[in-house]
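Note sheet for the following structure.
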Amino acid sequence: MKKRGKIIGEFKEFALKGNVIDLAVGILVGSAFQGIVNSLVKDVITPFIGLIGGSLNFADRVFWMGSAKIAYGSFITAVINFLIMAFVIFLLVKGINKIKTLSLLGPKQVEEKAPTTKKCPFCISEISIEASRCPHCTSVLEAE
């Protein structure tokens with residue numbers, strides 16, 4: 001019974017993490033958006049294509065090969081749905097990446113590099129951080 005409680009605890013920890021909840025919300029919004037895209041293709045785009053081809057309902061277009069029914073209209077409708085969804089997802093990812101590069105999602109972590117040069121206290125020339133003698137004024141430098 002102790003193992004079962006541990007598994008349930010681990011599952012709760014996993015399920016309540018922010019990423020899992022964000023993923024669930026994304027799936028719900030995506031499925032709702034797919035309904036809109038399906039309606040756009042079914043009710044607007046394919047009837048227009050059907051009018052060009054001489055039939056009002058393009059999705060019902062088929063041809064027969066012997067006793068096999070090839071529903072090419074339905075297939076083309078599914079391809080159009082896919083292309084629209086893929087394009088919208090592409091634009092969404094591109095926009096998110098642009099926002100990230102503009103660092104609008106949070107402070108950008110900037111790594112500070114260790115200095116490689118210092119100023120000579122005698123002649124104020126810039127010299128290597130490892131120098132023990134200034135190459136410009138030949139002064140002996142104290143170790144830091």
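Residue names in the structure tokens use chain letters A, B, ... in the order shown, residue numbers from 1 in each chain, and ligand numbers from 1 in the order shown.
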Extract the full set of helix (DSSP H, G or I) residues from chain A according to DSSP on the backbone, and format it as a PyMOL selection string. chain A and resi 2-15+18-53+58-60+72-101
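Every residue of region 6-144 of chain A found in strand (DSSP E or B) when DSSP is run on the backbone appears here: Phe63, Trp64, Met65, Ala68, Lys69, Ile70, Thr117, Lys118, Lys119, Glu126, Ile127, Ser128, Arg133 and Val140 of chain A.
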Take the selection from the previous step and output its residues with N, CA and C atoms, as a PDB file, in the first residue's frame.
ATOM      1  N   PHE A  63     -13.912   9.227 -57.200  1.00  0.00           N
ATOM      2  CA  PHE A  63     -13.905   8.480 -58.454  1.00  0.00           C
ATOM      3  C   PHE A  63     -13.755   7.018 -58.119  1.00  0.00           C
ATOM      4  N   TRP A  64     -14.207   6.194 -59.011  1.00  0.00           N
ATOM      5  CA  TRP A  64     -14.256   4.754 -58.772  1.00  0.00           C
ATOM      6  C   TRP A  64     -13.203   4.060 -59.600  1.00  0.00           C
ATOM      7  N   MET A  65     -12.508   3.123 -58.980  1.00  0.00           N
ATOM      8  CA  MET A  65     -11.579   2.236 -59.680  1.00  0.00           C
ATOM      9  C   MET A  65     -12.100   0.828 -59.461  1.00  0.00           C
ATOM     10  N   ALA A  68     -13.578   0.010 -55.966  1.00  0.00           N
ATOM     11  CA  ALA A  68     -12.941   0.829 -54.935  1.00  0.00           C
ATOM     12  C   ALA A  68     -13.318   2.291 -55.121  1.00  0.00           C
ATOM     13  N   LYS A  69     -13.772   2.906 -54.048  1.00  0.00           N
ATOM     14  CA  LYS A  69     -14.167   4.315 -54.048  1.00  0.00           C
ATOM     15  C   LYS A  69     -12.987   5.159 -53.557  1.00  0.00           C
ATOM     16  N   ILE A  70     -12.489   6.064 -54.372  1.00  0.00           N
ATOM     17  CA  ILE A  70     -11.380   6.962 -54.026  1.00  0.00           C
ATOM     18  C   ILE A  70     -11.987   8.333 -53.723  1.00  0.00           C
ATOM     19  N   THR A 117      41.694  42.661 -19.355  1.00  0.00           N
ATOM     20  CA  THR A 117      42.663  43.760 -19.329  1.00  0.00           C
ATOM     21  C   THR A 117      42.486  44.573 -18.047  1.00  0.00           C
ATOM     22  N   LYS A 118      43.518  45.394 -17.764  1.00  0.00           N
ATOM     23  CA  LYS A 118      43.470  46.328 -16.637  1.00  0.00           C
ATOM     24  C   LYS A 118      44.239  47.576 -17.042  1.00  0.00           C
ATOM     25  N   LYS A 119      44.137  48.626 -16.235  1.00  0.00           N
ATOM     26  CA  LYS A 119      44.853  49.864 -16.540  1.00  0.00           C
ATOM     27  C   LYS A 119      46.112  49.945 -15.678  1.00  0.00           C
ATOM     28  N   GLU A 126      46.058  50.618 -21.174  1.00  0.00           N
ATOM     29  CA  GLU A 126      45.379  49.337 -20.985  1.00  0.00           C
ATOM     30  C   GLU A 126      46.368  48.222 -21.287  1.00  0.00           C
ATOM     31  N   ILE A 127      46.478  47.293 -20.310  1.00  0.00           N
ATOM     32  CA  ILE A 127      47.438  46.194 -20.446  1.00  0.00           C
ATOM     33  C   ILE A 127      46.755  44.878 -20.070  1.00  0.00           C
ATOM     34  N   SER A 128      47.395  43.766 -20.357  1.00  0.00           N
ATOM     35  CA  SER A 128      46.862  42.449 -20.033  1.00  0.00           C
ATOM     36  C   SER A 128      46.703  42.296 -18.532  1.00  0.00           C
ATOM     37  N   ARG A 133      54.562  43.792 -15.573  1.00  0.00           N
ATOM     38  CA  ARG A 133      55.298  45.003 -15.927  1.00  0.00           C
ATOM     39  C   ARG A 133      54.556  45.658 -17.082  1.00  0.00           C
ATOM     40  N   VAL A 140      56.990  48.429 -12.820  1.00  0.00           N
ATOM     41  CA  VAL A 140      56.712  47.132 -12.220  1.00  0.00           C
ATOM     42  C   VAL A 140      55.366  47.258 -11.504  1.00  0.00           C
TER      43      VAL A 140
END
Got a sec: who's within 10 Å of Phe75 (chain A), counting only C-alpha atoms, leaving out chain neighbours fewer than 4 positions off, as a ChimeraX atom specification? /A:59-62,70-71,79-81
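Near Lys42 (chain A), within a cut-off of 10 Å and counting only C-alpha atoms, sit the residues Ile36, Phe48, Asn57, Phe58, Ala59, Ser74, Thr77, Ala78, Ile80 and Asn81 of chain A, with same-chain residues fewer than 6 positions away left out.
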Could you tell me which of A:Gly73, A:Ile52, A:Met85, A:Ile124 comes closest to Asn38 (chain A) if we count only C-alpha atoms?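 Closest residue, counting only C-alpha atoms: A:Met85.
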Go ahead and compute the interatomic distance for CA of Pro135 (chain A) and CA of Cys120 (chain A), in Å to one decimal.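 Computing it gives 9.4 Å between the two atoms.
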